[in-house]
Each structure stands twice: as structure tokens, then as C-alpha cells.
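Data file: query34.csv. Format and content: CSV, C-alpha atoms and all ligand atoms.
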```
chain,number,residue,atom,x,y,z
A,1,MET,CA,1.1,118.9,114.3
A,2,GLY,CA,2.4,116.4,111.9
A,3,ALA,CA,-1.0,115.3,110.6
A,4,LEU,CA,-2.0,118.8,109.5
A,5,ASN,CA,1.4,119.5,108.0
A,6,HIS,CA,0.7,121.9,105.0
A,7,LYS,CA,-2.9,120.7,104.6
A,8,PHE,CA,-4.4,124.2,104.7
A,9,ASN,CA,-3.5,127.6,103.5
A,10,GLU,CA,-2.9,130.4,105.9
A,11,ASN,CA,-6.0,132.3,106.7
A,12,ILE,CA,-7.3,134.4,109.5
A,13,LEU,CA,-8.5,131.5,111.5
A,14,ILE,CA,-5.2,129.7,111.3
A,15,THR,CA,-3.1,132.7,112.1
A,16,SER,CA,-5.3,133.5,115.1
A,17,LEU,CA,-5.0,129.9,116.3
A,18,ASP,CA,-1.2,130.3,115.9
A,19,LYS,CA,-1.3,133.3,118.0
A,20,LEU,CA,-3.4,131.7,120.7
A,21,LEU,CA,-1.3,128.6,120.9
A,22,ASN,CA,2.0,130.3,120.8
A,23,TRP,CA,0.9,132.8,123.4
A,24,SER,CA,-0.2,130.0,125.8
A,25,ARG,CA,2.8,127.9,125.1
A,26,SER,CA,5.3,130.6,125.6
A,27,GLY,CA,3.6,131.7,128.8
A,28,SER,CA,3.9,128.3,130.4
A,29,GLU,CA,7.3,126.8,129.8
A,30,TRP,CA,7.0,124.0,132.3
A,31,TYR,CA,10.5,122.6,132.4
A,32,PHE,CA,11.7,119.2,133.1
A,33,GLN,CA,14.3,119.6,135.8
A,34,PHE,CA,17.3,117.7,134.7
A,35,GLY,CA,19.9,118.6,137.2
A,36,LEU,CA,23.0,116.5,136.4
A,37,ALA,CA,25.8,118.4,138.0
A,38,CYS,CA,26.9,121.8,139.4
A,39,CYS,CA,24.8,123.7,136.8
A,40,ALA,CA,21.7,122.3,138.5
A,41,ILE,CA,22.5,124.5,141.5
A,42,GLU,CA,22.1,127.6,139.3
A,43,MET,CA,18.9,126.2,137.8
A,44,MET,CA,17.5,125.7,141.3
A,45,SER,CA,18.5,129.2,142.3
A,46,ALA,CA,16.9,130.6,139.2
A,47,ALA,CA,13.7,128.8,140.3
A,48,ALA,CA,14.0,130.0,143.9
A,49,ALA,CA,12.7,133.2,145.4
A,50,ARG,CA,15.2,135.8,144.2
A,51,HIS,CA,15.0,135.1,140.5
A,52,ASP,CA,11.6,133.3,140.6
A,53,LEU,CA,11.1,131.6,137.3
A,54,GLU,CA,7.5,131.1,138.0
A,55,ARG,CA,6.8,134.8,137.2
A,56,PHE,CA,7.4,133.7,133.6
A,57,GLY,CA,5.0,130.8,134.0
A,58,ALA,CA,8.0,128.4,134.1
A,59,MET,CA,7.4,125.7,136.6
A,60,PRO,CA,9.7,122.7,137.5
A,61,ARG,CA,8.2,119.3,136.7
A,62,SER,CA,9.6,116.0,137.7
A,63,SER,CA,7.9,114.0,135.1
A,64,PRO,CA,8.6,114.1,131.3
A,65,ARG,CA,4.9,113.7,130.6
A,66,GLN,CA,4.1,117.0,132.1
A,67,ALA,CA,7.0,119.0,130.8
A,68,ASP,CA,7.4,121.2,127.7
A,69,VAL,CA,11.0,122.2,128.0
A,70,MET,CA,13.9,120.0,129.0
A,71,ILE,CA,16.7,122.0,130.7
A,72,VAL,CA,19.8,119.8,130.5
A,73,ALA,CA,21.7,121.3,133.3
A,74,GLY,CA,25.1,119.7,133.9
A,75,THR,CA,27.5,117.0,132.8
A,76,VAL,CA,25.9,114.4,130.6
A,77,THR,CA,27.9,111.2,131.3
A,78,LEU,CA,27.6,108.4,128.8
A,79,LYS,CA,25.8,106.4,131.4
A,80,MET,CA,23.2,109.2,131.8
A,81,ALA,CA,23.0,109.9,128.1
A,82,THR,CA,20.9,106.9,127.4
A,83,ARG,CA,18.5,108.0,130.1
A,84,VAL,CA,18.4,111.6,128.7
A,85,LYS,CA,17.5,110.3,125.3
A,86,ARG,CA,14.7,108.0,126.7
A,87,LEU,CA,13.3,110.8,128.9
A,88,TYR,CA,13.3,113.1,125.9
A,89,GLU,CA,11.4,110.6,123.9
A,90,GLN,CA,8.8,110.3,126.7
A,91,MET,CA,8.0,114.0,126.6
A,92,ALA,CA,4.9,115.0,124.8
A,93,GLU,CA,5.0,117.2,121.6
A,94,PRO,CA,5.7,120.0,121.2
A,95,LYS,CA,8.9,119.7,123.1
A,96,TYR,CA,12.0,121.9,123.4
A,97,VAL,CA,15.5,121.4,124.8
A,98,ILE,CA,17.7,124.0,126.5
A,99,SER,CA,21.3,122.9,126.9
A,100,MET,CA,22.6,124.8,130.0
A,101,GLY,CA,26.3,125.2,130.6
A,102,SER,CA,29.5,124.2,128.8
A,103,CYS,CA,29.2,120.5,129.8
A,104,SER,CA,26.0,119.8,128.0
A,105,ASN,CA,27.0,122.2,125.2
A,106,SER,CA,30.3,120.5,124.4
A,107,GLY,CA,31.7,118.5,127.2
A,108,GLY,CA,32.9,121.5,129.1
A,109,PRO,CA,36.0,120.8,131.3
A,110,TYR,CA,35.8,117.2,130.2
A,111,TRP,CA,36.1,117.9,126.5
A,112,GLN,CA,39.4,116.1,126.5
A,113,HIS,CA,40.3,113.0,128.6
A,114,GLY,CA,36.7,112.8,129.7
A,115,TYR,CA,36.4,109.2,128.9
A,116,HIS,CA,32.9,109.0,130.5
A,117,VAL,CA,31.4,112.3,129.3
A,118,LEU,CA,29.2,112.9,126.2
A,119,LYS,CA,30.8,115.8,124.2
A,120,GLY,CA,27.6,117.8,123.8
A,121,VAL,CA,24.0,116.7,124.4
A,122,ASP,CA,23.2,117.7,120.9
A,123,GLN,CA,24.7,114.4,119.8
A,124,ILE,CA,21.7,112.6,121.0
A,125,ILE,CA,18.8,115.0,121.1
A,126,PRO,CA,18.0,118.2,119.2
A,127,VAL,CA,18.8,121.3,121.1
A,128,ASP,CA,16.9,124.6,120.7
A,129,ILE,CA,18.8,127.0,122.9
A,130,TYR,CA,22.4,126.8,124.1
A,131,ILE,CA,23.4,128.8,127.2
A,132,PRO,CA,27.2,129.3,127.6
A,133,GLY,CA,28.9,129.5,130.9
A,134,CYS,CA,30.4,127.3,133.6
A,135,PRO,CA,28.0,127.6,135.3
A,136,PRO,CA,25.7,130.2,133.6
A,137,ARG,CA,24.2,132.6,136.1
A,138,PRO,CA,20.4,132.4,136.7
A,139,GLU,CA,20.1,135.6,134.6
A,140,ALA,CA,21.6,133.7,131.7
A,141,LEU,CA,19.1,130.9,132.1
A,142,ILE,CA,16.3,133.4,132.2
A,143,GLU,CA,17.5,134.9,129.0
A,144,GLY,CA,17.7,131.5,127.5
A,145,LEU,CA,14.1,130.9,128.4
A,146,MET,CA,13.1,134.2,127.0
A,147,HIS,CA,14.9,133.4,123.7
A,148,LEU,CA,12.9,130.2,123.7
A,149,GLN,CA,9.7,132.1,124.2
A,150,LYS,CA,10.6,134.2,121.2
A,151,LYS,CA,11.2,131.1,119.2
A,152,MET,CA,7.8,129.7,120.3
A,153,ARG,CA,6.0,132.8,119.3
A,154,GLU,CA,7.2,132.4,115.7
A,155,GLU,CA,5.9,129.0,115.3
A,156,HIS,CA,3.0,128.0,112.9
A,157,VAL,CA,0.6,125.4,113.9
A,158,LEU,CA,0.5,123.9,110.4
A,159,GLU,CA,4.2,123.5,110.0
A,160,LYS,CA,6.0,120.7,111.7
A,161,LYS,CA,8.8,121.8,113.9
A,162,GLU,CA,11.9,120.6,112.2
A,163,ASP,CA,14.6,119.0,114.5
B,1,MET,CA,34.3,112.6,176.6
B,2,PHE,CA,35.7,111.1,173.5
B,3,TRP,CA,37.7,114.2,172.4
B,4,LYS,CA,39.4,114.3,175.8
B,5,ARG,CA,40.6,110.7,175.6
B,6,LYS,CA,44.3,110.4,175.6
B,7,LYS,CA,46.0,109.4,172.4
B,8,THR,CA,47.8,106.1,172.8
B,9,ASP,CA,51.5,105.8,172.5
B,10,VAL,CA,51.5,103.1,169.9
B,11,THR,CA,53.6,104.3,167.0
B,12,GLU,CA,53.6,103.0,163.5
B,13,GLN,CA,57.0,101.5,164.0
B,14,GLU,CA,55.7,99.4,166.9
B,15,ILE,CA,52.7,98.3,164.8
B,16,TYR,CA,55.1,97.2,162.1
B,17,ALA,CA,57.4,95.4,164.6
B,18,ASP,CA,54.4,93.6,166.1
B,19,LEU,CA,53.0,92.6,162.7
B,20,SER,CA,56.4,91.3,161.6
B,21,LYS,CA,56.6,89.2,164.7
B,22,LYS,CA,53.2,87.8,164.1
B,23,PHE,CA,53.1,87.4,160.3
B,24,GLY,CA,56.8,87.0,159.6
B,25,ASP,CA,57.7,87.3,155.9
B,26,LYS,CA,54.2,88.2,154.9
B,27,ILE,CA,55.0,91.7,156.0
B,28,LEU,CA,57.3,93.0,153.3
B,29,GLU,CA,58.5,96.5,154.1
B,30,PHE,CA,58.0,99.6,156.2
B,31,MET,CA,58.1,102.9,154.3
B,32,GLU,CA,58.5,106.2,156.1
B,33,GLU,CA,60.3,108.4,153.6
B,34,GLY,CA,58.5,109.7,150.6
B,35,THR,CA,55.0,108.9,151.8
B,36,HIS,CA,52.4,111.0,153.5
B,37,ASN,CA,51.8,108.4,156.2
B,38,PRO,CA,54.2,105.7,157.4
B,39,THR,CA,53.1,102.7,155.4
B,40,VAL,CA,53.4,99.0,155.9
B,41,ILE,CA,53.6,96.9,152.7
B,42,VAL,CA,52.2,93.4,153.0
B,43,GLU,CA,51.4,90.4,150.8
B,44,ALA,CA,48.2,90.8,148.8
B,45,ASP,CA,46.6,87.5,149.8
B,46,GLN,CA,47.2,88.1,153.5
B,47,ILE,CA,45.7,91.5,153.8
B,48,GLY,CA,42.4,90.1,155.2
B,49,LYS,CA,44.1,88.3,158.1
B,50,ILE,CA,46.4,91.2,158.9
B,51,VAL,CA,43.5,93.7,158.9
B,52,SER,CA,41.3,91.6,161.1
B,53,TYR,CA,44.2,91.1,163.5
B,54,LEU,CA,44.7,94.8,163.7
B,55,LYS,CA,41.0,95.3,164.2
B,56,ASP,CA,40.6,92.8,167.0
B,57,ASP,CA,43.8,93.2,168.9
B,58,GLU,CA,43.3,95.1,172.2
B,59,ARG,CA,46.3,97.3,171.7
B,60,PHE,CA,45.4,98.5,168.2
B,61,GLN,CA,41.6,98.4,167.9
B,62,PHE,CA,41.6,99.7,164.3
B,63,ASP,CA,37.8,99.8,164.1
B,64,SER,CA,37.5,102.1,161.1
B,65,LEU,CA,38.6,101.7,157.5
B,66,MET,CA,38.8,105.4,156.5
B,67,ASN,CA,39.7,104.7,152.9
B,68,LEU,CA,40.5,102.0,150.4
B,69,ALA,CA,41.9,103.1,147.1
B,70,GLY,CA,43.4,101.5,144.0
B,71,HIS,CA,46.5,103.1,142.5
B,72,ASP,CA,48.4,102.8,139.3
B,73,PRO,CA,51.7,104.6,139.2
B,74,GLY,CA,52.5,104.0,135.6
B,75,ALA,CA,52.0,101.7,132.6
B,76,GLU,CA,55.2,99.7,133.5
B,77,SER,CA,54.6,99.1,137.2
B,78,GLU,CA,52.4,97.0,139.4
B,79,LEU,CA,49.0,98.1,140.6
B,80,SER,CA,48.5,98.6,144.3
B,81,VAL,CA,45.7,99.0,146.8
B,82,ILE,CA,46.1,101.3,149.8
B,83,TYR,CA,44.2,100.9,153.1
B,84,HIS,CA,43.9,103.7,155.7
B,85,LEU,CA,43.0,102.4,159.1
B,86,TYR,CA,42.0,104.5,162.1
B,87,SER,CA,41.1,103.6,165.6
B,88,THR,CA,38.2,105.7,166.9
B,89,GLU,CA,39.0,104.4,170.4
B,90,LEU,CA,42.7,105.0,170.6
B,91,LYS,CA,43.0,107.7,168.0
B,92,HIS,CA,45.9,106.3,165.9
B,93,TYR,CA,46.4,105.6,162.2
B,94,ILE,CA,48.2,103.2,160.1
B,95,THR,CA,48.4,102.8,156.3
B,96,LEU,CA,48.7,99.4,154.6
B,97,LYS,CA,49.6,98.8,151.0
B,98,VAL,CA,49.6,95.7,148.8
B,99,PHE,CA,51.0,95.3,145.3
B,100,THR,CA,49.5,93.1,142.7
B,101,SER,CA,50.4,92.3,139.1
B,102,ARG,CA,48.9,94.3,136.2
B,103,GLU,CA,47.9,91.2,134.2
B,104,GLU,CA,46.3,89.3,137.0
B,105,ALA,CA,45.3,91.7,139.7
B,106,VAL,CA,43.9,89.8,142.6
B,107,VAL,CA,43.8,91.0,146.2
B,108,ALA,CA,42.1,89.4,149.2
B,109,SER,CA,38.8,91.2,150.1
B,110,VAL,CA,38.3,92.9,153.4
B,111,ALA,CA,34.6,93.5,152.8
B,112,ASN,CA,33.5,91.0,155.4
B,113,ILE,CA,35.7,92.7,158.0
B,114,TYR,CA,34.7,96.3,157.2
B,115,GLN,CA,31.4,97.0,155.6
B,116,THR,CA,32.8,100.2,154.2
B,117,ALA,CA,35.1,98.2,152.0
B,118,ASN,CA,32.3,96.8,150.0
B,119,TRP,CA,31.7,99.8,147.7
B,120,HIS,CA,35.3,100.9,147.8
B,121,GLU,CA,36.5,97.6,146.5
B,122,ARG,CA,33.8,97.7,143.8
B,123,GLU,CA,35.1,101.1,142.8
B,124,ALA,CA,38.7,99.9,142.6
B,125,PHE,CA,37.5,97.0,140.6
B,126,ASP,CA,35.5,99.3,138.3
B,127,LEU,CA,38.3,101.7,137.6
B,128,TYR,CA,41.5,99.7,137.9
B,129,GLY,CA,40.3,96.1,137.3
B,130,ILE,CA,41.6,94.8,140.6
B,131,LYS,CA,39.7,91.7,141.6
B,132,PHE,CA,38.9,91.2,145.3
B,133,ASP,CA,38.9,87.6,146.3
B,134,GLY,CA,36.0,86.9,148.6
B,135,HIS,CA,34.0,90.0,147.9
B,136,PRO,CA,30.3,89.3,148.2
B,137,ASP,CA,29.1,91.1,145.1
B,138,LEU,CA,32.0,92.2,142.9
B,139,LYS,CA,30.6,94.2,139.9
B,140,ARG,CA,31.0,97.7,138.5
B,141,ILE,CA,29.7,100.5,140.6
B,142,LEU,CA,30.1,103.7,138.6
B,143,LEU,CA,30.3,102.7,135.0
B,144,GLU,CA,27.8,100.6,133.1
B,145,ASP,CA,28.1,96.9,133.2
B,146,ASP,CA,28.9,96.6,129.5
B,147,TRP,CA,31.8,99.1,129.7
B,148,GLU,CA,35.1,97.8,128.4
B,149,GLY,CA,38.4,98.4,130.0
B,150,PHE,CA,39.4,100.0,133.3
B,151,PRO,CA,39.7,103.8,132.7
B,152,LEU,CA,42.0,104.8,135.5
B,153,ARG,CA,44.8,102.5,134.4
B,154,LYS,CA,47.6,104.5,132.9
B,155,ASP,CA,47.6,102.5,129.7
B,156,TYR,CA,43.9,102.8,129.1
B,157,VAL,CA,42.9,103.9,125.7
B,158,PRO,CA,39.3,105.2,125.4
B,159,ALA,CA,37.1,103.4,122.8
B,160,GLU,CA,35.9,105.4,119.9
B,161,PHE,CA,32.2,104.8,120.5
B,162,TYR,CA,30.1,103.7,123.4
B,163,ARG,CA,26.6,102.5,122.4
B,164,GLY,CA,26.9,104.5,119.3
B,165,MET,CA,27.9,107.7,121.0
B,166,ARG,CA,31.2,109.2,120.1
B,167,ILE,CA,33.5,109.5,123.1
B,168,GLU,CA,36.3,111.7,121.9
B,169,LYS,CA,35.5,114.8,119.9
B,170,VAL,CA,36.7,114.8,116.3
B,171,LYS,CA,38.7,118.0,115.6
A,201,LIG,S1,29.4,123.5,132.8
A,201,LIG,FE1,30.6,123.9,134.6
A,201,LIG,S2,29.1,124.3,136.3
A,201,LIG,FE2,28.0,123.4,134.6
A,201,LIG,S3,27.9,121.2,135.1
A,201,LIG,FE3,29.7,121.6,133.8
A,201,LIG,S4,31.4,121.9,135.2
A,201,LIG,FE4,29.5,122.1,136.3
```

Could you write out this structure as C-alpha cells?
Amino acid sequence: MGALNHKFNENILITSLDKLLNWSRSGSEWYFQFGLACCAIEMMSAAAARHDLERFGAMPRSSPRQADVMIVAGTVTLKMATRVKRLYEQMAEPKYVISMGSCSNSGGPYWQHGYHVLKGVDQIIPVDIYIPGCPPRPEALIEGLMHLQKKMREEHVLEKKED
Amino acid sequence: MFWKRKKTDVTEQEIYADLSKKFGDKILEFMEEGTHNPTVIVEADQIGKIVSYLKDDERFQFDSLMNLAGHDPGAESELSVIYHLYSTELKHYITLKVFTSREEAVVASVANIYQTANWHEREAFDLYGIKFDGHPDLKRILLEDDWEGFPLRKDYVPAEFYRGMRIEKVK
């Protein structure tokens, strides 16, 4: 919403529009499945029958063009990091990033002597939600998605999301 | 049935003795103590000939290269490459080992004898910087092409940045 940034004052129309957009956005967190290592198994199991992410409207997408949320689940190697950045740039606004697991939060078990691992995906792309754990259980991922929903509901259409 | 086939009686000592007879001083040493498997140490530039002899000979029939690995025991010592051979016909094993210098690490390739060796040799090249003479397509397999250095060498020091990304965390 960069073009409309602070062009209008808040009024009943704008706030209703806010509500509508935030409600629809937070109700359909289509996530870009970014399974990079073991954490991806937990992401898959969160999407599968027992935990069933789709009841929150979260659906896995394989293309950055269709996704709203990027769940970086796993070890971001330096080789992959360039691809992560490019795929993030290909996502349409508004876009959000969840960093799942110690590896993408901070390098995880590779925080030292990991010559090939990026020490935290927030070095290359802005992260909205961090989920700790190695790996985080599906419940933790669901909580992360719910925190993101909360964040989405507080957004204003006329203010640009700061990175 | 293949699992009922009798194990042959060829021992590692006999293989070593036969190799010594055939290749003379190209076969350097036979190690039994201090290793997991009895190991024959051979000259680095002869490994191709030795391996194809072991593969084609009726008595040995080593038709499978189970593993090929680079090894660096320490910053002062020589690099080595280890070959684990197995005969699916006769059910016996042998381990071969070659040494090569750290500055100019060159070993003869076995990729045209065992297809398996193609990627294994690329991995050893990628991580240890061992060049395989005669390999059809020797380039990095895991790391990016513009990576500098060979990270599994004991004296490897990670760079500070890779394409603008910091590698080690600052405390
Ligand atoms: S945080 Fe743990 S479980 Fe997740 S990718 Fe890293 S090592 Fe695997």
C-alpha cells in the first residue's frame, strides 16, 4: 500500500476496509512451503491430517506468486540463502516470513563451525515471527501462525508495513 | 539364491600377496592393526590399474565400489583417499588407500571403472581439493562454484563473508 501511504485520514470507510482486508488476509495464510531440512517434516505433519493447518485457511503453495507467508523451515545454507532471497522477492505484497526452528533463527546446531550455514535467515530477509525449537512441534508452528494472524489484524491499509 | 551362495575363501592377505606379485613396488603396505578393515596402501597414480585388475580378475570380481572417501588426518600430514570394494558375487571386501601430498593432491580417477566413483570423486574434490586425474567432469558438487578453499581440510579457515553474507557470527 505504498502509493496510499498517509494520503488520507482515518475515517469509517478506511477502518472498515482495514477490518475487511485484515480479516480476509488473516483467514487465508497461504504459505510457501520452504522445507530445507528436518524442520520441514514437522511443517508437513502440521499440514497433515492430525493437526490440519487448513482449518485455519493455511494452505501450502509451491509457487512464491501464490503465497502470502514464507515458512522458512530448516537449515539455510549459504548456497540456499541466495535462492531464499530471490524467492522472497518474487512473492507478492503483502508478504510475511515465519522463521521456523533454531537453524533459520540463528544457525542452530551449526552456529559455530558451520562454514556453510547462514546464521539466521533474518540476515537476508525480514522475519515477522520466530519459532524456537529443534524442531518445533506442529503445535508451536500453529501458535506461530496464530501470532501472525494477530499481527495481520492490527495492520492499517494506509500505512506501509515497515520491514 | 544369492544369500545362500558360499563366501569365498579369499582373504585380504591373499589379495595383498597377489597384488604385490602383479604390481611389485606399486603396492606399498598392508595394514591390519589399527584399522577397521585390513587395508592395502598403493601408489596414487596406479589406483586405476589396480582397481580394474581387482574388478576383472576371476578370483576377486570386485564389482562394487561401496565407498570412496577423502581423508585429512591433520594439518601436517598427507591427504588420502580410501576405496572400499565389495564383490557381490563372491561376498568379500577389500579396502585400498592412497596418499597424496597436500600441496599438489592428484590421484588417478576410477570414475571410468565404477560409475559410482563419479560423484564420490567430485565430493572429495569439493571438500578436500583432491584432483582426480582422468575424471570426466571434475567440478564442485555440494558447494557453489565460486566457493574458495576446501572446507574439510584441517587447516581450512572460513572466510568472513560469502557473497556479502557473514559466515561466522560476531559475538
Ligand atoms: S532447527 Fe533442528 S530440526 Fe530444525 S532444521 Fe535445524 S537441526 Fe533440523

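Taking atom CA of A:Ile131 and atom CA of B:Leu142 as the two end points, the separation is 28.4 Å.
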
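With only C-alpha atoms and all ligand atoms as the basis for measurement, A:Thr75 is the residue among A:Ser99, A:Ser16, A:Gln149, A:Thr75 that approaches ligand LIG 201 (chain A) most closely.
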
Could you make a table, as a Markdown table, of the residues of chain B that have an atom within 10 Å of an atom of chain A, each with its nearest atom pair and distance in Å to one decimal, counting only C-alpha atoms, in chain and number order?
```
| residue | atom | partner | partner_atom | distance |
| --- | --- | --- | --- | --- |
| B:Leu142 | CA | A:Lys79 | CA | 8.8 |
| B:Leu143 | CA | A:Lys79 | CA | 6.8 |
| B:Glu144 | CA | A:Lys79 | CA | 6.4 |
| B:Asp145 | CA | A:Lys79 | CA | 9.9 |
| B:Trp147 | CA | A:Lys79 | CA | 9.6 |
| B:Pro151 | CA | A:Tyr115 | CA | 7.4 |
| B:Leu152 | CA | A:Tyr115 | CA | 9.7 |
| B:Tyr156 | CA | A:Tyr115 | CA | 9.9 |
| B:Val157 | CA | A:Tyr115 | CA | 9.0 |
| B:Pro158 | CA | A:Tyr115 | CA | 6.1 |
| B:Ala159 | CA | A:Tyr115 | CA | 8.4 |
| B:Glu160 | CA | A:Tyr115 | CA | 9.8 |
| B:Tyr162 | CA | A:Leu78 | CA | 7.6 |
| B:Arg163 | CA | A:Leu78 | CA | 8.8 |
| B:Gly164 | CA | A:Ile124 | CA | 9.8 |
| B:Met165 | CA | A:Leu118 | CA | 7.5 |
| B:Arg166 | CA | A:Leu118 | CA | 7.4 |
| B:Ile167 | CA | A:Leu118 | CA | 6.3 |
| B:Glu168 | CA | A:Gln112 | CA | 7.1 |
| B:Lys169 | CA | A:Lys119 | CA | 6.4 |
| B:Val170 | CA | A:Lys119 | CA | 9.9 |
```

Item to check | atom CA of B:Val40 to atom CA of B:Tyr16, distance in Å rounded to a single decimal | outcome: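 Between atom CA of B:Val40 and atom CA of B:Tyr16 the gap works out to 6.7 Å.
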
Checklist entry - Leaving out A:Glu29 and any residue of its chain fewer than 4 positions from it, which residues lie within 12 Å of it when counting all atoms listed in the file, given as a ChimeraX atom specification? => result /A:22-25,33,53-61,66-71,94-98,142,144-150,152

Could those residues be written to a file, using C-alpha atoms, as a tab-separated table (two decimals), in the coordinates of the input?
```
chain	number	residue	atom	x	y	z
A	22	ASN	CA	2.00	130.30	120.80
A	23	TRP	CA	0.90	132.80	123.40
A	24	SER	CA	-0.20	130.00	125.80
A	25	ARG	CA	2.80	127.90	125.10
A	33	GLN	CA	14.30	119.60	135.80
A	53	LEU	CA	11.10	131.60	137.30
A	54	GLU	CA	7.50	131.10	138.00
A	55	ARG	CA	6.80	134.80	137.20
A	56	PHE	CA	7.40	133.70	133.60
A	57	GLY	CA	5.00	130.80	134.00
A	58	ALA	CA	8.00	128.40	134.10
A	59	MET	CA	7.40	125.70	136.60
A	60	PRO	CA	9.70	122.70	137.50
A	61	ARG	CA	8.20	119.30	136.70
A	66	GLN	CA	4.10	117.00	132.10
A	67	ALA	CA	7.00	119.00	130.80
A	68	ASP	CA	7.40	121.20	127.70
A	69	VAL	CA	11.00	122.20	128.00
A	70	MET	CA	13.90	120.00	129.00
A	71	ILE	CA	16.70	122.00	130.70
A	94	PRO	CA	5.70	120.00	121.20
A	95	LYS	CA	8.90	119.70	123.10
A	96	TYR	CA	12.00	121.90	123.40
A	97	VAL	CA	15.50	121.40	124.80
A	98	ILE	CA	17.70	124.00	126.50
A	142	ILE	CA	16.30	133.40	132.20
A	144	GLY	CA	17.70	131.50	127.50
A	145	LEU	CA	14.10	130.90	128.40
A	146	MET	CA	13.10	134.20	127.00
A	147	HIS	CA	14.90	133.40	123.70
A	148	LEU	CA	12.90	130.20	123.70
A	149	GLN	CA	9.70	132.10	124.20
A	150	LYS	CA	10.60	134.20	121.20
A	152	MET	CA	7.80	129.70	120.30
```

For B:Glu58, please output as a PDB file with C-alpha atoms, keeping the file's coordinate frame all residues within 12 Å (counting only C-alpha atoms; exclusion window: fewer than 6 positions along the same chain).
```
ATOM      1  CA  THR B   8      47.800 106.100 172.800  1.00  0.00           C
ATOM      2  CA  VAL B  10      51.500 103.100 169.900  1.00  0.00           C
ATOM      3  CA  SER B  52      41.300  91.600 161.100  1.00  0.00           C
ATOM      4  CA  SER B  87      41.100 103.600 165.600  1.00  0.00           C
ATOM      5  CA  GLU B  89      39.000 104.400 170.400  1.00  0.00           C
ATOM      6  CA  LEU B  90      42.700 105.000 170.600  1.00  0.00           C
TER       7      LEU B  90
END
```

Checklist entry - Counting all atoms listed in the file, what residues are within 9 Å of ligand LIG 201 (chain A), given as a ChimeraX atom specification? => result /A:35-42,73-76,100-110,132-136

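If you look at atom CA of B:Tyr128 and atom CA of B:Asp72, they are 7.7 Å away from each other.
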
Checklist entry - Which protein, DNA or RNA residues are at most 9 Å from (8.1, 111.9, 127.4) in the file's coordinates when you count all atoms listed in the file, listed as a list of chain:residue names? => result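 Residues satisfying the cut-off, written out: A:Ser63, A:Pro64, A:Arg65, A:Gln66, A:Ala67, A:Arg86, A:Leu87, A:Tyr88, A:Glu89, A:Gln90, A:Met91, A:Ala92, A:Glu93, A:Lys95.
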